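Enquirer: Structure file data.txt, compact mmCIF, C-alpha atoms, is pasted below:
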```txt
# COMPACT_ATOMS: atom_id res chain seq x y z
CA MET F 1 -35.63 -23.50 47.34
CA THR F 2 -34.05 -24.25 43.98
CA SER F 3 -34.77 -22.15 40.95
CA HIS F 4 -35.66 -25.46 39.27
CA PHE F 5 -38.59 -25.69 41.67
CA GLU F 6 -39.65 -22.11 40.93
CA ARG F 7 -39.70 -22.79 37.20
CA LEU F 8 -41.77 -25.94 37.78
CA MET F 9 -44.20 -23.93 39.90
CA GLY F 10 -44.44 -21.27 37.21
CA ARG F 11 -45.11 -23.88 34.53
CA LEU F 12 -47.84 -25.47 36.67
CA LEU F 13 -49.59 -22.11 37.18
CA GLY F 14 -49.29 -21.28 33.48
CA VAL F 15 -50.68 -24.64 32.35
CA GLY F 16 -53.55 -24.47 34.89
CA VAL F 17 -54.72 -21.03 33.85
CA THR F 18 -54.35 -21.87 30.13
CA VAL F 19 -56.39 -25.09 30.36
CA SER F 20 -59.04 -23.24 32.36
CA THR F 21 -59.20 -20.44 29.78
CA LEU F 22 -59.58 -22.92 26.90
CA LEU F 23 -62.47 -24.67 28.71
CA LEU F 24 -64.13 -21.35 29.54
CA ALA F 25 -63.71 -20.04 25.98
CA SER F 26 -65.22 -23.22 24.47
CA GLY F 27 -68.08 -23.00 26.95
CA LEU F 28 -68.74 -19.40 26.03
CA VAL F 29 -68.77 -20.22 22.31
CA LEU F 30 -71.25 -23.06 22.89
CA THR F 31 -73.49 -20.74 24.94
CA PHE F 32 -73.97 -18.57 21.88
CA ALA F 33 -74.36 -21.64 19.67
CA GLY F 34 -77.41 -22.51 21.77
CA ARG F 35 -75.90 -25.69 23.25
CA ALA F 36 -76.83 -24.89 26.86
CA GLU F 37 -76.08 -28.23 28.49
CA ALA F 38 -72.65 -28.81 26.97
CA SER F 39 -71.67 -25.18 27.54
CA ASP F 40 -72.64 -25.36 31.22
CA ARG F 41 -70.48 -28.41 31.73
CA LEU F 42 -67.46 -26.78 30.05
CA LEU F 43 -67.88 -23.47 31.92
CA HIS F 44 -68.08 -25.17 35.32
CA ALA F 45 -65.12 -27.42 34.48
CA GLY F 46 -63.14 -24.30 33.55
CA LEU F 47 -64.01 -22.56 36.81
CA ILE F 48 -63.06 -25.63 38.86
CA VAL F 49 -59.70 -25.98 37.07
CA LEU F 50 -59.10 -22.27 37.74
CA MET F 51 -59.85 -22.63 41.48
CA ALA F 52 -57.73 -25.79 41.68
CA THR F 53 -54.66 -24.15 40.10
CA PRO F 54 -53.36 -22.21 43.16
CA VAL F 55 -54.24 -25.16 45.43
CA THR F 56 -52.09 -27.50 43.31
CA ARG F 57 -49.26 -24.97 43.59
CA VAL F 58 -49.39 -25.21 47.41
CA VAL F 59 -49.44 -29.04 47.22
CA LEU F 60 -46.34 -28.85 44.99
CA ALA F 61 -44.60 -26.51 47.48
CA CYS F 62 -45.50 -28.86 50.34
CA ALA F 63 -43.99 -31.81 48.44
CA GLU F 64 -40.82 -29.84 47.65
CA PHE F 65 -40.35 -28.68 51.29
CA THR F 66 -40.88 -32.26 52.51
CA ARG F 67 -38.39 -33.60 49.95
CA SER F 68 -35.75 -31.09 51.09
CA ARG F 69 -36.57 -31.82 54.79
CA ASP F 70 -37.59 -28.24 55.35
CA TRP F 71 -40.09 -29.25 58.04
CA LEU F 72 -41.11 -25.77 59.17
CA PHE F 73 -42.17 -24.73 55.67
CA ALA F 74 -43.72 -28.12 54.93
CA ALA F 75 -45.86 -27.57 58.05
CA ALA F 76 -46.72 -24.03 56.90
CA SER F 77 -47.86 -25.39 53.50
CA LEU F 78 -49.98 -27.99 55.29
CA GLY F 79 -51.49 -25.18 57.36
CA VAL F 80 -52.48 -23.30 54.20
CA LEU F 81 -53.94 -26.49 52.70
CA GLY F 82 -55.86 -27.01 55.96
CA VAL F 83 -57.52 -23.59 55.67
CA LEU F 84 -58.35 -24.22 51.98
CA ALA F 85 -59.84 -27.62 52.91
CA MET F 86 -61.98 -25.88 55.50
CA THR F 87 -63.23 -23.43 52.85
CA ALA F 88 -64.05 -26.29 50.48
CA TRP F 89 -65.84 -28.19 53.26
CA ILE F 90 -67.92 -25.17 54.26
CA ALA F 91 -68.77 -24.49 50.60
CA MET F 92 -69.84 -28.09 49.95
CA THR F 93 -71.89 -28.55 53.11
CA GLY F 94 -73.44 -25.09 52.78
CA GLY F 95 -72.30 -24.13 56.29
CA MET O 1 -77.25 -12.13 28.46
CA SER O 2 -76.17 -10.17 25.40
CA ILE O 3 -72.96 -10.38 23.40
CA GLY O 4 -72.44 -6.71 24.23
CA ALA O 5 -72.41 -7.38 27.97
CA ILE O 6 -70.03 -10.33 27.49
CA LEU O 7 -67.65 -8.16 25.45
CA ALA O 8 -67.83 -5.38 28.06
CA VAL O 9 -66.90 -7.85 30.82
CA MET O 10 -64.06 -9.19 28.65
CA ALA O 11 -62.74 -5.64 28.23
CA LEU O 12 -62.90 -5.14 32.02
CA GLY O 13 -61.00 -8.37 32.57
CA SER O 14 -58.31 -7.29 30.11
CA VAL O 15 -57.79 -4.04 32.06
CA GLY O 16 -57.40 -6.20 35.18
CA GLY O 17 -54.83 -8.41 33.44
CA LEU O 18 -52.96 -5.39 32.11
CA LEU O 19 -52.70 -3.91 35.62
CA GLY O 20 -51.55 -7.25 36.95
CA ALA O 21 -48.76 -7.53 34.39
CA LEU O 22 -47.62 -3.91 34.72
CA LEU O 23 -48.08 -3.17 38.43
CA GLY O 24 -48.45 -6.56 40.14
CA LEU O 25 -52.02 -5.83 41.23
CA GLY O 26 -54.82 -8.38 41.12
CA GLY O 27 -57.05 -5.98 39.19
CA GLY O 28 -60.14 -6.88 41.22
CA VAL O 29 -60.39 -3.40 42.65
CA PHE O 30 -61.25 -2.11 39.16
CA VAL O 31 -63.26 -5.07 37.90
CA VAL O 32 -65.68 -5.25 40.86
CA PRO O 33 -67.06 -1.68 40.90
CA PHE O 34 -67.53 -1.57 37.12
CA LEU O 35 -69.42 -4.89 37.15
CA SER O 36 -71.59 -3.59 39.95
CA LEU O 37 -72.18 -0.06 38.61
CA PHE O 38 -72.40 -0.59 34.84
CA ILE O 39 -73.25 -4.24 34.19
CA GLY O 40 -75.82 -4.22 36.99
CA LEU O 41 -74.63 -7.28 38.93
CA SER O 42 -75.31 -7.55 42.67
CA PHE O 43 -72.27 -6.80 44.81
CA ARG O 44 -71.69 -10.47 45.64
CA GLU O 45 -71.92 -11.51 41.97
CA ALA O 46 -69.40 -8.78 41.09
CA ALA O 47 -67.07 -9.81 43.93
CA ALA O 48 -67.21 -13.46 42.86
CA ILE O 49 -66.07 -12.56 39.33
CA GLY O 50 -63.47 -10.21 40.82
CA LEU O 51 -62.00 -13.16 42.76
CA MET O 52 -61.93 -15.36 39.63
CA THR O 53 -60.00 -12.67 37.73
CA VAL O 54 -57.63 -12.33 40.70
CA ILE O 55 -56.82 -16.08 40.50
CA ALA O 56 -56.21 -15.84 36.75
CA THR O 57 -54.05 -12.70 37.08
CA SER O 58 -52.01 -14.15 39.95
CA SER O 59 -51.38 -17.41 38.07
CA VAL O 60 -50.42 -15.85 34.75
CA VAL O 61 -48.19 -13.16 36.32
CA SER O 62 -46.45 -15.66 38.64
CA ALA O 63 -45.87 -18.03 35.73
CA GLN O 64 -44.10 -15.16 33.96
CA ARG O 65 -42.13 -13.96 37.03
CA SER O 66 -41.03 -17.42 38.21
CA ALA O 67 -38.02 -17.34 35.88
CA ASP O 68 -36.74 -14.04 37.37
CA GLY O 69 -35.95 -15.43 40.83
CA VAL O 70 -37.77 -12.56 42.58
CA ILE O 71 -40.56 -14.64 44.18
CA ASN O 72 -39.88 -15.60 47.81
CA VAL O 73 -41.90 -18.84 48.07
CA ARG O 74 -41.01 -19.35 51.77
CA LEU O 75 -42.15 -15.91 52.85
CA GLY O 76 -45.24 -16.37 50.64
CA ILE O 77 -46.30 -19.64 52.24
CA VAL O 78 -45.91 -18.26 55.79
CA LEU O 79 -47.95 -15.14 54.99
CA GLU O 80 -50.53 -17.24 53.10
CA ILE O 81 -51.58 -18.84 56.41
CA ALA O 82 -52.73 -15.37 57.45
CA THR O 83 -54.23 -14.34 54.08
CA THR O 84 -56.24 -17.56 53.69
CA LEU O 85 -57.64 -17.32 57.25
CA GLY O 86 -58.57 -13.70 56.49
CA GLY O 87 -60.07 -14.71 53.13
CA LEU O 88 -62.20 -17.46 54.66
CA ALA O 89 -63.49 -15.09 57.35
CA GLY O 90 -64.24 -12.46 54.68
CA GLY O 91 -66.07 -14.92 52.43
CA LEU O 92 -68.25 -16.11 55.32
CA THR O 93 -69.02 -12.51 56.36
CA ALA O 94 -69.86 -11.39 52.81
CA VAL O 95 -72.70 -13.90 52.51
CA THR O 96 -74.41 -12.31 55.53
CA LEU O 97 -74.06 -8.64 54.51
CA SER O 98 -76.44 -6.64 52.32
CA HIS O 99 -75.62 -5.21 48.90
CA ARG O 100 -75.69 -1.72 50.40
CA THR O 101 -73.34 -2.47 53.30
CA LEU O 102 -70.85 -4.17 50.96
CA SER O 103 -70.97 -1.24 48.52
CA ILE O 104 -70.28 1.25 51.32
CA LEU O 105 -67.41 -0.91 52.63
CA PHE O 106 -65.99 -1.11 49.12
CA GLY O 107 -66.22 2.66 48.71
CA VAL O 108 -64.37 3.26 51.97
CA VAL O 109 -61.62 0.71 51.21
CA ALA O 110 -61.22 2.04 47.64
CA LEU O 111 -60.84 5.59 49.00
CA GLY O 112 -58.10 4.33 51.33
CA ILE O 113 -56.33 2.52 48.48
CA ALA O 114 -56.54 5.63 46.26
CA ALA O 115 -54.95 7.64 49.09
CA VAL O 116 -52.10 5.10 49.37
CA MET O 117 -51.56 5.26 45.58
CA PHE O 118 -51.47 9.08 45.51
CA ARG O 119 -48.88 9.08 48.32
CA GLN O 120 -46.67 6.53 46.58
CA ILE O 121 -46.53 8.18 43.17
CA ASP O 122 -43.44 10.27 43.83
CA ARG O 123 -41.89 8.23 46.61
CA ARG O 124 -38.56 6.66 45.83
CA THR O 125 -38.52 3.05 46.95
CA SER O 126 -36.19 2.54 49.87
CA LEU O 127 -33.04 0.74 48.78
CA ALA O 128 -31.81 -0.91 51.94
CA ASP O 129 -28.14 -1.82 52.34
CA PRO O 130 -27.48 -5.44 51.39
CA GLU O 131 -27.78 -7.79 54.38
CA PRO O 132 -25.09 -10.47 54.66
CA VAL O 133 -27.27 -12.51 57.07
CA THR O 134 -30.64 -13.20 55.46
CA GLY O 135 -32.31 -15.14 58.29
CA TRP O 136 -34.85 -17.93 57.95
CA LEU O 137 -37.29 -15.99 55.74
CA GLY O 138 -35.00 -13.69 53.80
CA GLY O 139 -33.25 -14.39 50.55
CA GLN O 140 -31.26 -13.03 47.65
CA TYR O 141 -32.40 -11.51 44.42
CA TYR O 142 -30.76 -9.83 41.44
CA SER O 143 -30.98 -6.08 41.91
CA PRO O 144 -30.60 -3.98 38.74
CA ASP O 145 -29.76 -0.95 40.94
CA HIS O 146 -26.82 -2.73 42.55
CA GLY O 147 -26.01 -4.76 39.44
CA SER O 148 -25.54 -7.90 41.54
CA LEU O 149 -27.23 -10.43 43.82
CA VAL O 150 -28.40 -8.66 46.96
CA GLY O 151 -29.43 -10.27 50.25
CA TYR O 152 -32.32 -9.05 52.39
CA ARG O 153 -33.77 -9.93 55.75
CA VAL O 154 -37.46 -10.00 56.67
CA LYS O 155 -38.16 -7.75 59.67
CA ARG O 156 -41.31 -7.26 61.78
CA LEU O 157 -42.93 -10.57 60.80
CA PRO O 158 -45.96 -10.06 63.13
CA LEU O 159 -46.76 -6.82 61.29
CA ALA O 160 -46.50 -8.59 57.91
CA LEU O 161 -48.77 -11.39 59.20
CA GLY O 162 -51.32 -8.91 60.58
CA MET O 163 -51.44 -6.94 57.35
CA SER O 164 -51.73 -10.19 55.36
CA PHE O 165 -54.73 -11.24 57.45
CA LEU O 166 -56.35 -7.86 56.83
CA ALA O 167 -55.59 -8.05 53.09
CA GLY O 168 -57.09 -11.55 52.95
CA ASN O 169 -60.15 -10.37 54.82
CA VAL O 170 -60.73 -7.46 52.45
CA SER O 171 -60.18 -9.83 49.53
CA GLY O 172 -62.81 -12.35 50.65
CA LEU O 173 -65.27 -9.64 51.56
CA LEU O 174 -64.95 -7.37 48.53
CA GLY O 175 -63.59 -9.56 45.72
CA ILE O 176 -60.28 -7.78 45.31
CA GLY O 177 -56.72 -9.13 45.64
CA GLY O 178 -55.48 -6.98 48.50
CA GLY O 179 -51.94 -6.71 47.11
CA ILE O 180 -52.05 -2.94 47.41
CA LEU O 181 -52.18 -3.36 51.22
CA LYS O 182 -49.37 -5.93 51.47
CA VAL O 183 -46.76 -4.58 49.04
CA PRO O 184 -46.20 -1.15 50.68
CA THR O 185 -46.09 -2.76 54.15
CA LEU O 186 -43.57 -5.42 53.14
CA ASN O 187 -41.38 -2.86 51.38
CA ALA O 188 -41.52 0.07 53.80
CA TRP O 189 -41.61 -1.76 57.17
CA CYS O 190 -40.43 -5.33 56.70
CA GLY O 191 -37.23 -4.84 54.70
CA VAL O 192 -38.43 -6.70 51.61
CA PRO O 193 -37.18 -5.16 48.31
CA LEU O 194 -40.03 -3.79 46.18
CA ARG O 195 -39.56 -6.23 43.29
CA VAL O 196 -39.59 -9.19 45.68
CA ALA O 197 -42.57 -7.78 47.63
CA ALA O 198 -44.63 -7.25 44.44
CA ALA O 199 -43.82 -10.68 42.94
CA THR O 200 -44.40 -12.54 46.22
CA SER O 201 -47.65 -10.69 46.88
CA SER O 202 -48.79 -11.46 43.34
CA LEU O 203 -48.18 -15.18 43.94
CA MET O 204 -50.16 -15.05 47.20
CA LEU O 205 -53.24 -13.45 45.60
CA GLY O 206 -54.39 -16.66 43.91
CA VAL O 207 -54.32 -18.78 47.07
CA THR O 208 -55.97 -15.96 49.01
CA ALA O 209 -58.86 -15.78 46.52
CA VAL O 210 -59.30 -19.58 46.64
CA ALA O 211 -59.90 -19.30 50.40
CA SER O 212 -63.18 -17.48 49.77
CA VAL O 213 -64.36 -17.93 46.17
CA PRO O 214 -65.67 -21.53 46.66
CA ILE O 215 -68.16 -20.08 49.17
CA TYR O 216 -69.45 -17.68 46.50
CA TYR O 217 -69.43 -20.49 43.93
CA ALA O 218 -71.48 -22.82 46.16
CA ALA O 219 -73.96 -20.01 46.90
CA GLY O 220 -74.56 -19.59 43.14
CA ASP O 221 -73.01 -16.12 43.01
CA VAL O 222 -70.62 -16.94 40.13
CA ILE O 223 -72.29 -16.24 36.76
CA PRO O 224 -70.26 -18.66 34.58
CA GLN O 225 -70.54 -16.75 31.27
CA PHE O 226 -69.39 -13.47 32.81
CA ALA O 227 -66.62 -15.23 34.76
CA ALA O 228 -65.45 -16.87 31.52
CA ALA O 229 -65.44 -13.53 29.69
CA ALA O 230 -63.49 -11.86 32.50
CA VAL O 231 -60.85 -14.62 32.64
CA ILE O 232 -60.37 -14.57 28.85
CA GLY O 233 -59.96 -10.80 29.17
CA VAL O 234 -57.25 -11.26 31.83
CA MET O 235 -55.29 -13.56 29.50
CA ILE O 236 -55.41 -10.99 26.68
CA GLY O 237 -54.66 -7.99 28.92
CA SER O 238 -51.72 -9.63 30.68
CA ARG O 239 -50.12 -10.61 27.33
CA VAL O 240 -50.36 -6.99 26.22
CA GLY O 241 -48.91 -5.90 29.57
CA PHE O 242 -45.89 -8.22 29.26
CA LEU O 243 -45.26 -6.95 25.71
CA VAL O 244 -45.54 -3.26 26.58
CA GLY O 245 -43.54 -3.79 29.78
CA ASP O 246 -41.43 -0.90 30.99
CA ARG O 247 -42.07 1.29 27.97
CA LEU O 248 -45.08 2.80 29.71
CA ARG O 249 -44.33 5.50 32.22
CA ALA O 250 -45.38 3.87 35.50
CA ARG O 251 -45.84 7.26 37.14
CA TRP O 252 -48.66 8.35 34.81
CA LEU O 253 -50.27 4.97 34.96
CA LYS O 254 -50.36 5.07 38.76
CA LEU O 255 -51.74 8.60 38.73
CA LEU O 256 -54.47 7.60 36.26
CA LEU O 257 -55.37 4.52 38.31
CA ALA O 258 -55.55 6.47 41.54
CA MET O 259 -57.89 9.00 39.91
CA ILE O 260 -60.17 6.32 38.42
CA LEU O 261 -60.25 4.58 41.79
CA LEU O 262 -61.17 7.82 43.55
CA ALA O 263 -64.02 8.42 41.09
CA VAL O 264 -65.26 4.83 41.40
CA ALA O 265 -65.14 4.97 45.22
CA ILE O 266 -67.22 8.14 45.28
CA LEU O 267 -69.70 6.70 42.77
CA MET O 268 -70.11 3.50 44.86
CA LEU O 269 -70.72 5.55 48.00
CA VAL O 270 -73.21 7.88 46.27
CA ARG O 271 -75.17 4.95 44.77
CA ALA O 272 -75.29 3.21 48.17
```
I need this file expressed as structure tokens, please.

Expert:
Amino acid sequence: MTSHFERLMGRLLGVGVTVSTLLLASGLVLTFAGRAEASDRLLHAGLIVLMATPVTRVVLACAEFTRSRDWLFAAASLGVLGVLAMTAWIAMTGG
Amino acid sequence: MSIGAILAVMALGSVGGLLGALLGLGGGVFVVPFLSLFIGLSFREAAAIGLMTVIATSSVVSAQRSADGVINVRLGIVLEIATTLGGLAGGLTAVTLSHRTLSILFGVVALGIAAVMFRQIDRRTSLADPEPVTGWLGGQYYSPDHGSLVGYRVKRLPLALGMSFLAGNVSGLLGIGGGILKVPTLNAWCGVPLRVAAATSSLMLGVTAVASVPIYYAAGDVIPQFAAAAVIGVMIGSRVGFLVGDRLRARWLKLLLAMILLAVAILMLVRA
């Protein structure tokens, strides 16, 4: 695992959480401005970006392990993504 | 929903972010009981916001730590299989339990965590001898105590996996990160240096929370305005934490936290 990869991972996490915060902050401002519909859309977008941030980090790790032919860890990343996919599926189907 | 309540939740989130930056905790263990006791949210609503703040704290702290070379991404991904399975199981269980049962569980777990914190306050972290052979999960990191790159080897992997599953389970069930369970185990039993254990655990918290929080989200337990306020708070608190850094005496901070946690645990149990 190169330190280049770690910096990329760090940047991804930082950008994800910053974008999410900006969406959430705008949504919160609009709530108090009485713009319910627009604020709802921004707030939910912010929450979804927040939840997607760690998932994207695992996808990035999986890609990096595959690129460096580190099959064991690529498989481990796929395992983690499998569990997260199961969570998303259960959440969406209301299981 | 009043501006006062939003500001109170933002303040709570900033305490969570501050703890994350200073101690590598998710902060959920402080956010959840205060939301439940003082803002009047149901336990599941409080846990859902706790998990959102854990994701934010984990992301912002890992973004900061990624330049230090102390995160062990390989060890993290292996242990994340266990934490996400635990988180999913916890999230599914939480939906079926009553407010009262969850509050009692939280009280018991918080008492346990406070006990761990009290025990650790004066303990010197074990500085293992450098390992020349680091194995498939080990690695090297820069140790200020040795003044050089030091190798380490991960021991007792089944124990680390078991504790990670438990930490994930507690996270999904109670809305906390669970780092306080993993870090001492990794450091004391599995040969992982404290700085590496804390940074790697911190990275894992976000993925662990994502294994359960979508279930809360789909069930309508996430109140978006409060979640937004808490996440904004985390961003402010963690910035302050990075700025203050090592100037704060960690010993007093830990003692204060352990005492607050003890009080909160007792209050949760009494209310339930």

Enquirer: Considering all atoms listed in the file, return as a list in words whatever protein or nucleic-acid residues lie within 9 Å of O:Ala229, sequence-local ones (same chain, fewer than 5 positions apart) excluded.

Expert: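 The filter keeps Leu24, Ala25 and Leu28 of chain F; Ile6, Leu7, Ala8, Val9, Met10, Ala11, Gly13, Pro224 and Val234 of chain O.
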
Enquirer: May I have the selected residues written with C-alpha atoms, as a short mmCIF file (atom, residue, chain, number, x, y, z; two decimals), in the coordinates of the input?

Expert:
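Produced file result_32.cif, reproduced below:
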```cif
data_model
loop_
_atom_site.label_atom_id
_atom_site.label_comp_id
_atom_site.auth_asym_id
_atom_site.auth_seq_id
_atom_site.Cartn_x
_atom_site.Cartn_y
_atom_site.Cartn_z
CA LEU F 24 -64.13 -21.35 29.54
CA ALA F 25 -63.71 -20.04 25.98
CA LEU F 28 -68.74 -19.40 26.03
CA ILE O 6 -70.03 -10.33 27.49
CA LEU O 7 -67.65 -8.16 25.45
CA ALA O 8 -67.83 -5.38 28.06
CA VAL O 9 -66.90 -7.85 30.82
CA MET O 10 -64.06 -9.19 28.65
CA ALA O 11 -62.74 -5.64 28.23
CA GLY O 13 -61.00 -8.37 32.57
CA PRO O 224 -70.26 -18.66 34.58
CA VAL O 234 -57.25 -11.26 31.83
#
```

Enquirer: Enter the distance from atom CA of O:Gly233 to atom CA of F:Arg35, in Å, rounded to one decimal.

Expert: 22.6 Å

Enquirer: Report the distance between atom CA of O:Leu88 and atom CA of O:Val207 in Å, rounded to one decimal place.

Expert: 11.0 Å

Enquirer: With all atoms listed in the file as the counted atoms, please give the residues lying no more than 7 Å from stretch 6-13 of chain F, apart from itself and same-chain residues fewer than 5 positions off, as a list of chain:residue names.

Expert: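 These residues fall inside the cut-off: F:Thr53, F:Arg57, O:Ser59, O:Val60, O:Ser62, O:Ala63, O:Gln64, O:Ser66, O:Ala67.
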
Enquirer: Could those residues be written to a file, using C-alpha atoms, as an mmCIF file, in the frame of the given file?

Expert:
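Result written to out_15.cif:
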```cif
data_model
loop_
_atom_site.group_PDB
_atom_site.id
_atom_site.type_symbol
_atom_site.label_atom_id
_atom_site.label_comp_id
_atom_site.auth_asym_id
_atom_site.auth_seq_id
_atom_site.Cartn_x
_atom_site.Cartn_y
_atom_site.Cartn_z
ATOM 1 C CA THR F 53 -54.660 -24.150 40.100
ATOM 2 C CA ARG F 57 -49.260 -24.970 43.590
ATOM 3 C CA SER O 59 -51.380 -17.410 38.070
ATOM 4 C CA VAL O 60 -50.420 -15.850 34.750
ATOM 5 C CA SER O 62 -46.450 -15.660 38.640
ATOM 6 C CA ALA O 63 -45.870 -18.030 35.730
ATOM 7 C CA GLN O 64 -44.100 -15.160 33.960
ATOM 8 C CA SER O 66 -41.030 -17.420 38.210
ATOM 9 C CA ALA O 67 -38.020 -17.340 35.880
#
```

Enquirer: Find the residues near F:Asp70: any atom within 12 Å, counting only C-alpha atoms, skip ones fewer than 6 places away on the same chain, and give them as a PyMOL selection string.

Expert: (chain F and resi 1+61-64+76-77) or (chain O and resi 74+136)

Enquirer: So, with all atoms listed in the file as the atoms that count, which of O:Leu261, O:Ala167, O:Val231, O:Val109 lies closest to chain F?

Expert: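 Smallest distance to chain F is found for O:Val231.
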
Enquirer: Find the spatial neighbours of stretch 171-188 of chain O, counting all atoms listed in the file, within a cut-off of 6 Å - ignore same-chain residues fewer than 6 positions away - and output them as a list of chain:residue names.

Expert: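 Residues meeting the cut-off are O:Leu25, O:Gly26, O:Gly28, O:Val29, O:Ala47, O:Gly50, O:Leu51, O:Val54, O:Gly87, O:Gly90, O:Gly91, O:Ala94, O:Leu194, O:Ala197, O:Ala198, O:Ser201, O:Leu205, O:Ser212.
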
Enquirer: One decimal, Å: what's the distance from atom CA of F:Leu23 over to atom CA of F:Trp89, could you say?

Expert: 25.0 Å

Enquirer: Choose the residue, out of O:Met163, O:Leu22, O:Leu137, O:Ile81, that has the smallest atom-to-atom separation from chain F; count only C-alpha atoms.

Expert: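 Checking each candidate against chain F, we get O:Ile81 as the closest.
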
Enquirer: Which is closer to O:Pro214 than all the others in F:Val29, F:Leu84, F:Ala38, F:Leu72, using all atoms listed in the file?

Expert: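 Distance minimum relative to O:Pro214 lands on F:Leu84.
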
Enquirer: Counting only C-alpha atoms, which residue out of F:Ala45, F:Leu60, F:Met51, F:Phe65 sits closest to chain O?

Expert: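 That would be F:Met51, the residue with the smallest distance to chain O.
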
Enquirer: Which residue is closest to chain F? Choose from O:Ser202, O:Thr84, O:Ser36, O:Ser14 and count all atoms listed in the file.

Expert: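 Checking each candidate against chain F, we get O:Thr84 as the closest.
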
Enquirer: Considering only C-alpha atoms, state which residue in the set O:Arg119, O:Thr53, O:Ala209, O:Leu267 is at the smallest distance from F:Val17.

Expert: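 So, comparing all the options, the nearest one is O:Thr53.
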